[in-house]
2 protein chains.
Amino acid sequence: MAPPVTVNSINPKVIECEYAVRGEIVILAQKLQEEITKKPEAHPFEEILYCNIGNPQSLGQQPITFFREVLALCDHPSLLDKSETQRLFSADSIQRASKILDQIPGRATGAYSHSQGIKGLRDTIAAGIEARDGFPADPNDIFLTDGASPAVHMMMQLLIRSEKDGILCPIPQYPLYSASIALHGGTLVPYYLDEATGWGLEVSDLKKQLDAAKSKGIDVRALVVINPGNPTGQVLAEENQKDIVAFCKEEGLVLLADEVYQENVYVTEKKFHSFKKVSRSMGYGEKDIHLVSFQSVSKGYYGECGKRGGYMEITGFGADVREHIYKLASVNLCSNISGQILASLVMSPPKVGDESYESYRAERDGILSSLARRAKTLEDAFNKLEGVTCNKAEGAMYLFPRITLTEKAIKAAGEAKTAPDAFYCRRLLTETGIVFVPGSGFRQVPGTWHFRCTILPQEEKIPAVVTRLTDFHKRFMEEFCD
Amino acid sequence: MAPPVTVNSINPKVIECEYAVRGEIVILAQKLQEEITKKPEAHPFEEILYCNIGNPQSLGQQPITFFREVLALCDHPSLLDKSETQRLFSADSIQRASKILDQIPGRATGAYSHSQGIKGLRDTIAAGIEARDGFPADPNDIFLTDGASPAVHMMMQLLIRSEKDGILCPIPQYPLYSASIALHGGTLVPYYLDEATGWGLEVSDLKKQLDAAKSKGIDVRALVVINPGNPTGQVLAEENQKDIVAFCKEEGLVLLADEVYQENVYVTEKKFHSFKKVSRSMGYGEKDIHLVSFQSVSKGYYGECGKRGGYMEITGFGADVREHIYKLASVNLCSNISGQILASLVMSPPKVGDESYESYRAERDGILSSLARRAKTLEDAFNKLEGVTCNKAEGAMYLFPRITLTEKAIKAAGEAKTAPDAFYCRRLLTETGIVFVPGSGFRQVPGTWHFRCTILPQEEKIPAVVTRLTDFHKRFMEEFCD
């Protein structure tokens, strides 16, 4: 018998790939959770406070009623024939569900759809993009996917031929990108967001990193931009976006724009602009730039992570390349239909005059204004901690404060065979139940340490997060005072 | 500016990958469909008869009411608090939805779940496997996925390091396997199902192919078995399965068991046995064999393709390898929650005494008995065609008849630069509107020609399929008579 499958005989790319958002600290948190469920006094805290992942509904955020009404009706269309349904559902959710069912061949929500997603839903999404950007969008450019992650994988699979192919990625970055590049055997070419200027993106740094990669024989294929930023929470200025677009055009790079936080902007002085809008406003069309925009139902005010819906809008690729993208989509047949429906709903929510509009608006604004308050409270709290600085929480769902650790703490981390920020996060978790993800999981400027904290715990729990964190931090800094 | 992305600069593995189920013939069918929608007299048929893909609900099969009731309630849980709900939903669907919501942390169906899927649902699935097999199943061995395809990709990604790694696959095979192996850069090591013995699987042939691959320096890692068969429709005999298990154990191969058609058996003399049950009944445990079983909500009597639900049960892998499988699952966060719920429902449908049981049973048996009748009618029709032979339709959703084409037809295909069976299928489509997939899309013994036909058109349409096919075939054979 040949040797069985061991870690020494599996794909080394799988071993190389890392995914800190669900990594070591989170696995420990789950263990502690089980322990306190069995024995409430097992640890010096009553509950685990998950600040590690952008998963709002897991922390009590309620779904938008209109969206769920439409989904329920589409799941069980015979409800539409019952008189009780009029009393249980809003008129516009009934109307919307009927319209969606009419767009699905045979009204069959249990059938595989077109590989790119149901055409009628793509029409709705394209119309939503047009309304957002003021520039045309083509439903044939939309590929509906099970969340944004499979779309990112699809593009990496398309572009990466070998370790000689590079993808420019922000540092810090969302680890989906490093994981996907590792799994597809490419090279991550880092560019650094400038913490001192609110995580600004300097085109001069992009150029420097690109040239450095080229001089090592790397063929750089694409540039990833996450806007609003994950884990950094910055919102790019339109001027900055123009520079990025011009850079991609000039260098022949595919611009992979992660725009899943497009609805999550918390400051009045910044606005979300899609890269497609920016490039079209510069006069660049299909022939000028390869552009992919990723969107998801998991973020925004909707936060429907469990539904796994999303899409990518691809423009600028030739018909022959698109055929291969279509084929890749086909191999998995299609994305889930509920997620497809939801993607159409988030791009076309109730409008003024619709029966649901007022309650929809109240739910949406309630969530977004609460997120803005939570972000501000946490930002302020971080900035009050000794040795911690935190940029403004402009958007997305995260803060990424920087922590200056003492020599003694760094030494202790070394002895524990862990990164200093992971050491800090581990101690924080075991002493307070708060779960942050160490900055090392997102990469960072060497020698700097950070952690990512979501702004998602329910508003009434934020004071507890702040108090526990502040107390812990004080103790930690005293213990490891140089 | 560097050259833009062209077919010459994308990943050659993507170019190599083929997926005939949604390939050339199907794209042509969609085009014809659009043409007859616009202009009904454009072609000599009124509608396209899709026999190309296992997508039952697209052809009018209705979903199981109980499943959809539970899904709708889980999508919109506030329905559970309304009195009207009692009149609209069965008591056991209300009860089941409540139970499922209780199993989800915070009842949050819009949250990312555990990367392997919601624990309570995995408990239900494990109990369903135990009830089916009579051997224990561990919920920690279950990975819930968006249909079976992502699970297959995950295992290929884990096992394939380079083109020197081989995967034994049946020929003919479901093209997901060849596509996934191509995308992950491995080598498909073919073994041939024996058409003369009802698509039997000969272990002596397995051994021969394994040795041949080894002699070429290929490290064969796994054996794929599809049971019931796709595209061949055979159901393996238990004795045959024992031989396969013993072979995998002896040769140290991972047994990748595609068991998505486990509910689709149409002949009384055959029964589905899972490979896990067979291996456990032989006394082989965790230490003896690496076994992965794939299941999906897309097949069976439920046919919920659009829900993208499924799971894999992995046994025999060490804890360290499992950690890497877990990490791969984590990178995509989780599979969609509706699909997860549905996977638990198909593994635990209503039971005798439940309010829904009688209607559930009637729906299930109605679908399965109709499928059996359709399979038999088509099988008989194929066997009446000149130069066509078709094995018994024992299971799954397909027939894979063999067609002996004349020299003249083969020559005409050559002139049209297409495979002879693709030439036949193309002509069939343009003259009758019937969509088959050419055997060349599934691979076949060189020099033989086949096509795959699903048994899924609605029963009242089967006579039209038979008549149109029979008339076409006669004309075709006359036209290309040597």
# chains A, B, ... in the order shown; residues from 1 in each chain; ligands from 1
$ select_by_dssp --residues "region 276-381 of chain B" --states "strand (DSSP E or B)" --output "MDAnalysis selection string"
chainID B and resid 291:296 310:315
$ select_by_dssp --residues "region 248-320 of chain A" --states "alpha helix (DSSP H)" --output "PyMOL selection string"
chain A and resi 248-251+275-281+319-320
$ interface_residues --of "chain B" --to "chain A" --cutoff "6 Å" --atoms "only C-alpha atoms" --output "mmCIF file with all heavy atoms, in the first residue's frame"
data_model
loop_
_atom_site.group_PDB
_atom_site.id
_atom_site.type_symbol
_atom_site.label_atom_id
_atom_site.label_comp_id
_atom_site.auth_asym_id
_atom_site.auth_seq_id
_atom_site.Cartn_x
_atom_site.Cartn_y
_atom_site.Cartn_z
ATOM 1 N N MET B 1 2.314 50.963 -22.438
ATOM 2 C CA MET B 1 1.308 50.070 -21.856
ATOM 3 C C MET B 1 1.591 48.610 -22.217
ATOM 4 O O MET B 1 1.826 48.279 -23.379
ATOM 5 C CB MET B 1 -0.075 50.476 -22.383
ATOM 6 C CG MET B 1 -1.174 49.601 -21.796
ATOM 7 S SD MET B 1 -2.793 49.968 -22.523
ATOM 8 C CE MET B 1 -3.383 48.284 -22.808
ATOM 9 N N ALA B 2 1.546 47.751 -21.223
ATOM 10 C CA ALA B 2 1.739 46.320 -21.435
ATOM 11 C C ALA B 2 0.534 45.769 -22.205
ATOM 12 O O ALA B 2 -0.523 46.382 -22.231
ATOM 13 C CB ALA B 2 1.859 45.622 -20.082
ATOM 14 N N PRO B 4 -2.785 43.993 -23.212
ATOM 15 C CA PRO B 4 -3.947 43.700 -22.385
ATOM 16 C C PRO B 4 -4.151 42.189 -22.269
ATOM 17 O O PRO B 4 -3.432 41.412 -22.890
ATOM 18 C CB PRO B 4 -5.091 44.354 -23.148
ATOM 19 C CG PRO B 4 -4.644 44.383 -24.573
ATOM 20 C CD PRO B 4 -3.146 44.425 -24.556
ATOM 21 N N VAL B 7 -6.481 35.826 -24.896
ATOM 22 C CA VAL B 7 -6.457 34.374 -24.687
ATOM 23 C C VAL B 7 -5.038 33.835 -24.668
ATOM 24 O O VAL B 7 -4.794 32.749 -24.148
ATOM 25 C CB VAL B 7 -7.291 33.587 -25.738
ATOM 26 C CG1 VAL B 7 -8.756 33.636 -25.396
ATOM 27 C CG2 VAL B 7 -7.031 34.078 -27.134
ATOM 28 N N ILE B 10 -3.872 34.324 -20.758
ATOM 29 C CA ILE B 10 -4.573 33.827 -19.560
ATOM 30 C C ILE B 10 -4.035 32.444 -19.210
ATOM 31 O O ILE B 10 -3.277 31.834 -19.971
ATOM 32 C CB ILE B 10 -6.111 33.827 -19.717
ATOM 33 C CG1 ILE B 10 -6.585 32.885 -20.819
ATOM 34 C CG2 ILE B 10 -6.636 35.246 -19.936
ATOM 35 C CD1 ILE B 10 -8.104 32.752 -20.906
ATOM 36 N N ASN B 11 -4.433 31.980 -18.059
ATOM 37 C CA ASN B 11 -3.994 30.698 -17.530
ATOM 38 C C ASN B 11 -4.320 29.568 -18.520
ATOM 39 O O ASN B 11 -5.485 29.324 -18.810
ATOM 40 C CB ASN B 11 -4.737 30.494 -16.197
ATOM 41 C CG ASN B 11 -4.342 29.216 -15.485
ATOM 42 O OD1 ASN B 11 -3.581 28.399 -16.013
ATOM 43 N ND2 ASN B 11 -4.866 29.057 -14.284
ATOM 44 N N ASN B 55 -31.431 19.011 -14.595
ATOM 45 C CA ASN B 55 -31.988 20.232 -13.999
ATOM 46 C C ASN B 55 -33.516 20.109 -13.993
ATOM 47 O O ASN B 55 -34.209 20.812 -14.735
ATOM 48 C CB ASN B 55 -31.527 21.433 -14.853
ATOM 49 C CG ASN B 55 -31.795 22.776 -14.191
ATOM 50 O OD1 ASN B 55 -32.169 22.846 -13.022
ATOM 51 N ND2 ASN B 55 -31.613 23.840 -14.951
ATOM 52 N N GLN B 57 -36.211 20.885 -12.229
ATOM 53 C CA GLN B 57 -37.226 21.919 -12.037
ATOM 54 C C GLN B 57 -37.293 22.883 -13.223
ATOM 55 O O GLN B 57 -38.309 23.543 -13.421
ATOM 56 C CB GLN B 57 -36.997 22.647 -10.706
ATOM 57 C CG GLN B 57 -37.238 21.710 -9.507
ATOM 58 C CD GLN B 57 -37.296 22.438 -8.170
ATOM 59 O OE1 GLN B 57 -37.685 23.591 -8.097
ATOM 60 N NE2 GLN B 57 -36.893 21.746 -7.106
ATOM 61 N N SER B 58 -36.228 22.937 -14.016
ATOM 62 C CA SER B 58 -36.289 23.794 -15.211
ATOM 63 C C SER B 58 -37.268 23.209 -16.228
ATOM 64 O O SER B 58 -37.716 23.909 -17.130
ATOM 65 C CB SER B 58 -34.912 23.931 -15.847
ATOM 66 O OG SER B 58 -34.533 22.730 -16.484
ATOM 67 N N ARG B 68 -39.940 23.437 0.850
ATOM 68 C CA ARG B 68 -40.083 24.861 0.564
ATOM 69 C C ARG B 68 -40.769 25.606 1.705
ATOM 70 O O ARG B 68 -40.482 26.771 1.955
ATOM 71 C CB ARG B 68 -40.837 25.052 -0.747
ATOM 72 C CG ARG B 68 -40.041 24.593 -1.956
ATOM 73 C CD ARG B 68 -38.663 25.263 -2.003
ATOM 74 N NE ARG B 68 -38.023 25.010 -3.272
ATOM 75 C CZ ARG B 68 -38.052 25.848 -4.310
ATOM 76 N NH1 ARG B 68 -38.681 27.001 -4.217
ATOM 77 N NH2 ARG B 68 -37.440 25.522 -5.432
ATOM 78 N N ALA B 72 -39.036 28.815 3.464
ATOM 79 C CA ALA B 72 -39.688 30.126 3.530
ATOM 80 C C ALA B 72 -39.751 30.612 4.979
ATOM 81 O O ALA B 72 -39.488 31.785 5.267
ATOM 82 C CB ALA B 72 -41.090 30.052 2.920
ATOM 83 N N ASP B 75 -36.392 31.757 6.061
ATOM 84 C CA ASP B 75 -36.014 33.020 5.429
ATOM 85 C C ASP B 75 -36.664 34.202 6.110
ATOM 86 O O ASP B 75 -36.126 35.300 6.104
ATOM 87 C CB ASP B 75 -36.469 33.025 3.959
ATOM 88 C CG ASP B 75 -35.355 32.640 3.029
ATOM 89 O OD1 ASP B 75 -34.194 32.648 3.477
ATOM 90 O OD2 ASP B 75 -35.632 32.324 1.864
ATOM 91 N N HIS B 76 -37.832 33.973 6.641
ATOM 92 C CA HIS B 76 -38.586 35.095 7.211
ATOM 93 C C HIS B 76 -39.189 34.635 8.531
ATOM 94 O O HIS B 76 -40.412 34.450 8.659
ATOM 95 C CB HIS B 76 -39.676 35.508 6.215
ATOM 96 C CG HIS B 76 -40.324 36.808 6.553
ATOM 97 N ND1 HIS B 76 -39.634 37.877 7.097
ATOM 98 C CD2 HIS B 76 -41.611 37.228 6.433
ATOM 99 C CE1 HIS B 76 -40.472 38.876 7.300
ATOM 100 N NE2 HIS B 76 -41.667 38.510 6.914
ATOM 101 N N ALA B 108 -29.848 33.410 13.360
ATOM 102 C CA ALA B 108 -29.446 34.328 12.294
ATOM 103 C C ALA B 108 -29.173 33.560 11.002
ATOM 104 O O ALA B 108 -28.055 33.122 10.745
ATOM 105 C CB ALA B 108 -28.223 35.129 12.721
ATOM 106 N N GLY B 110 -29.005 34.900 8.280
ATOM 107 C CA GLY B 110 -28.238 35.795 7.424
ATOM 108 C C GLY B 110 -26.797 35.949 7.878
ATOM 109 O O GLY B 110 -26.099 36.840 7.396
ATOM 110 N N ALA B 111 -26.360 35.101 8.790
ATOM 111 C CA ALA B 111 -24.965 35.175 9.255
ATOM 112 C C ALA B 111 -24.127 34.089 8.592
ATOM 113 O O ALA B 111 -24.637 33.012 8.268
ATOM 114 C CB ALA B 111 -24.915 35.011 10.768
ATOM 115 N N TYR B 112 -22.845 34.390 8.379
ATOM 116 C CA TYR B 112 -21.921 33.308 8.034
ATOM 117 C C TYR B 112 -22.021 32.269 9.134
ATOM 118 O O TYR B 112 -22.072 32.612 10.319
ATOM 119 C CB TYR B 112 -20.460 33.782 8.040
ATOM 120 C CG TYR B 112 -20.055 34.807 7.028
ATOM 121 C CD1 TYR B 112 -19.384 35.954 7.435
ATOM 122 C CD2 TYR B 112 -20.266 34.621 5.675
ATOM 123 C CE1 TYR B 112 -18.946 36.908 6.510
ATOM 124 C CE2 TYR B 112 -19.833 35.573 4.748
ATOM 125 C CZ TYR B 112 -19.180 36.708 5.169
ATOM 126 O OH TYR B 112 -18.751 37.640 4.272
ATOM 127 N N SER B 149 -20.227 20.409 -6.523
ATOM 128 C CA SER B 149 -19.067 20.841 -7.327
ATOM 129 C C SER B 149 -17.959 21.489 -6.496
ATOM 130 O O SER B 149 -16.791 21.119 -6.640
ATOM 131 C CB SER B 149 -19.508 21.793 -8.446
ATOM 132 O OG SER B 149 -20.536 21.232 -9.208
ATOM 133 N N LEU B 158 -6.743 19.959 -2.868
ATOM 134 C CA LEU B 158 -5.953 19.380 -1.786
ATOM 135 C C LEU B 158 -4.956 18.351 -2.307
ATOM 136 O O LEU B 158 -3.802 18.312 -1.865
ATOM 137 C CB LEU B 158 -6.894 18.701 -0.778
ATOM 138 C CG LEU B 158 -6.223 18.144 0.465
ATOM 139 C CD1 LEU B 158 -6.023 19.269 1.481
ATOM 140 C CD2 LEU B 158 -7.036 17.012 1.083
ATOM 141 N N LEU B 159 -5.412 17.518 -3.245
ATOM 142 C CA LEU B 159 -4.623 16.338 -3.625
ATOM 143 C C LEU B 159 -3.632 16.593 -4.757
ATOM 144 O O LEU B 159 -2.621 15.910 -4.856
ATOM 145 C CB LEU B 159 -5.566 15.196 -4.029
ATOM 146 C CG LEU B 159 -6.437 14.637 -2.895
ATOM 147 C CD1 LEU B 159 -7.451 13.650 -3.456
ATOM 148 C CD2 LEU B 159 -5.569 13.962 -1.827
ATOM 149 N N ILE B 160 -3.951 17.539 -5.638
ATOM 150 C CA ILE B 160 -3.126 17.708 -6.839
ATOM 151 C C ILE B 160 -2.016 18.729 -6.597
ATOM 152 O O ILE B 160 -2.290 19.887 -6.281
ATOM 153 C CB ILE B 160 -3.993 18.122 -8.047
ATOM 154 C CG1 ILE B 160 -4.988 17.004 -8.373
ATOM 155 C CG2 ILE B 160 -3.116 18.449 -9.261
ATOM 156 C CD1 ILE B 160 -5.998 17.358 -9.448
ATOM 157 N N ARG B 161 -0.764 18.276 -6.746
ATOM 158 C CA ARG B 161 0.382 19.176 -6.589
ATOM 159 C C ARG B 161 0.924 19.618 -7.933
ATOM 160 O O ARG B 161 1.440 20.710 -8.085
ATOM 161 C CB ARG B 161 1.484 18.449 -5.805
ATOM 162 C CG ARG B 161 1.094 18.146 -4.359
ATOM 163 C CD ARG B 161 1.953 17.056 -3.754
ATOM 164 N NE ARG B 161 1.751 15.783 -4.440
ATOM 165 C CZ ARG B 161 2.274 14.624 -4.053
ATOM 166 N NH1 ARG B 161 3.054 14.569 -2.982
ATOM 167 N NH2 ARG B 161 2.031 13.526 -4.727
ATOM 168 N N GLU B 250 -5.761 -1.248 -0.787
ATOM 169 C CA GLU B 250 -4.505 -1.907 -1.154
ATOM 170 C C GLU B 250 -3.535 -0.930 -1.815
ATOM 171 O O GLU B 250 -2.331 -0.968 -1.570
ATOM 172 C CB GLU B 250 -4.817 -3.046 -2.127
ATOM 173 C CG GLU B 250 -3.575 -3.777 -2.592
ATOM 174 C CD GLU B 250 -3.782 -5.274 -2.572
ATOM 175 O OE1 GLU B 250 -4.631 -5.741 -1.778
ATOM 176 O OE2 GLU B 250 -3.106 -5.966 -3.345
ATOM 177 N N GLU B 251 -4.070 -0.073 -2.644
ATOM 178 C CA GLU B 251 -3.208 0.821 -3.409
ATOM 179 C C GLU B 251 -3.005 2.178 -2.730
ATOM 180 O O GLU B 251 -2.324 3.048 -3.269
ATOM 181 C CB GLU B 251 -3.773 1.028 -4.824
ATOM 182 C CG GLU B 251 -3.989 -0.253 -5.606
ATOM 183 C CD GLU B 251 -2.672 -0.918 -6.050
ATOM 184 O OE1 GLU B 251 -1.604 -0.275 -5.943
ATOM 185 O OE2 GLU B 251 -2.726 -2.090 -6.485
ATOM 186 N N GLY B 252 -3.637 2.377 -1.581
ATOM 187 C CA GLY B 252 -3.479 3.655 -0.885
ATOM 188 C C GLY B 252 -4.076 4.822 -1.648
ATOM 189 O O GLY B 252 -3.517 5.918 -1.676
ATOM 190 N N GLU B 304 -33.310 20.106 -6.330
ATOM 191 C CA GLU B 304 -33.239 21.537 -5.975
ATOM 192 C C GLU B 304 -31.909 22.140 -6.417
ATOM 193 O O GLU B 304 -31.137 22.686 -5.612
ATOM 194 C CB GLU B 304 -33.431 21.700 -4.462
ATOM 195 C CG GLU B 304 -34.834 21.373 -3.978
ATOM 196 C CD GLU B 304 -35.810 22.537 -4.140
ATOM 197 O OE1 GLU B 304 -35.514 23.469 -4.907
ATOM 198 O OE2 GLU B 304 -36.871 22.489 -3.490
ATOM 199 N N CYS B 305 -31.655 22.098 -7.716
ATOM 200 C CA CYS B 305 -30.376 22.547 -8.277
ATOM 201 C C CYS B 305 -30.060 24.003 -7.928
ATOM 202 O O CYS B 305 -28.922 24.353 -7.623
ATOM 203 C CB CYS B 305 -30.422 22.430 -9.791
ATOM 204 S SG CYS B 305 -30.789 20.774 -10.384
ATOM 205 N N GLY B 306 -31.078 24.848 -8.008
ATOM 206 C CA GLY B 306 -30.852 26.284 -7.831
ATOM 207 C C GLY B 306 -30.517 26.666 -6.401
ATOM 208 O O GLY B 306 -30.082 27.789 -6.140
ATOM 209 N N LYS B 307 -30.717 25.729 -5.479
ATOM 210 C CA LYS B 307 -30.446 26.053 -4.076
ATOM 211 C C LYS B 307 -28.980 25.889 -3.727
ATOM 212 O O LYS B 307 -28.540 26.388 -2.691
ATOM 213 C CB LYS B 307 -31.305 25.186 -3.158
ATOM 214 C CG LYS B 307 -32.802 25.426 -3.327
ATOM 215 C CD LYS B 307 -33.151 26.837 -2.892
ATOM 216 C CE LYS B 307 -34.582 27.178 -3.239
ATOM 217 N NZ LYS B 307 -34.895 28.572 -2.946
ATOM 218 N N ARG B 308 -28.250 25.192 -4.560
ATOM 219 C CA ARG B 308 -26.813 24.990 -4.339
ATOM 220 C C ARG B 308 -26.542 24.528 -2.917
ATOM 221 O O ARG B 308 -25.883 25.222 -2.117
ATOM 222 C CB ARG B 308 -26.003 26.254 -4.666
ATOM 223 C CG ARG B 308 -26.297 26.914 -6.003
ATOM 224 C CD ARG B 308 -26.283 25.997 -7.218
ATOM 225 N NE ARG B 308 -24.981 25.493 -7.587
ATOM 226 C CZ ARG B 308 -24.704 24.189 -7.676
ATOM 227 N NH1 ARG B 308 -25.630 23.273 -7.412
ATOM 228 N NH2 ARG B 308 -23.523 23.787 -8.040
ATOM 229 N N VAL B 321 -4.268 16.970 8.270
ATOM 230 C CA VAL B 321 -4.785 17.170 6.908
ATOM 231 C C VAL B 321 -6.180 17.810 6.980
ATOM 232 O O VAL B 321 -6.504 18.719 6.212
ATOM 233 C CB VAL B 321 -4.837 15.828 6.135
ATOM 234 C CG1 VAL B 321 -5.536 16.004 4.789
ATOM 235 C CG2 VAL B 321 -3.430 15.281 5.940
ATOM 236 N N ASN B 332 -13.622 30.562 1.833
ATOM 237 C CA ASN B 332 -14.899 31.023 1.267
ATOM 238 C C ASN B 332 -15.966 31.238 2.336
ATOM 239 O O ASN B 332 -17.149 31.389 2.011
ATOM 240 C CB ASN B 332 -15.387 30.043 0.205
ATOM 241 C CG ASN B 332 -14.580 30.184 -1.057
ATOM 242 O OD1 ASN B 332 -14.101 31.270 -1.384
ATOM 243 N ND2 ASN B 332 -14.392 29.086 -1.759
ATOM 244 N N ASN B 336 -24.047 28.603 1.423
ATOM 245 C CA ASN B 336 -25.270 29.352 1.687
ATOM 246 C C ASN B 336 -26.189 28.602 2.644
ATOM 247 O O ASN B 336 -26.324 27.376 2.584
ATOM 248 C CB ASN B 336 -25.958 29.741 0.366
ATOM 249 C CG ASN B 336 -26.830 28.657 -0.196
ATOM 250 O OD1 ASN B 336 -27.998 28.524 0.168
ATOM 251 N ND2 ASN B 336 -26.268 27.826 -1.091
ATOM 252 N N ILE B 337 -26.818 29.369 3.541
ATOM 253 C CA ILE B 337 -27.560 28.766 4.653
ATOM 254 C C ILE B 337 -28.830 28.052 4.170
ATOM 255 O O ILE B 337 -29.165 26.981 4.687
ATOM 256 C CB ILE B 337 -27.918 29.832 5.720
ATOM 257 C CG1 ILE B 337 -26.647 30.571 6.207
ATOM 258 C CG2 ILE B 337 -28.664 29.213 6.897
ATOM 259 C CD1 ILE B 337 -25.645 29.731 6.938
#
$ atom_distance --atom1 "CA of Val278 (chain A)" --atom2 "CA of Gln262 (chain A)"
14.0 Å
$ closest_residue --among "B:Leu49, B:Ala412, B:Ala196, B:Ile314" --to "Ala151 (chain B)" --atoms "only C-alpha atoms"
B:Ile314
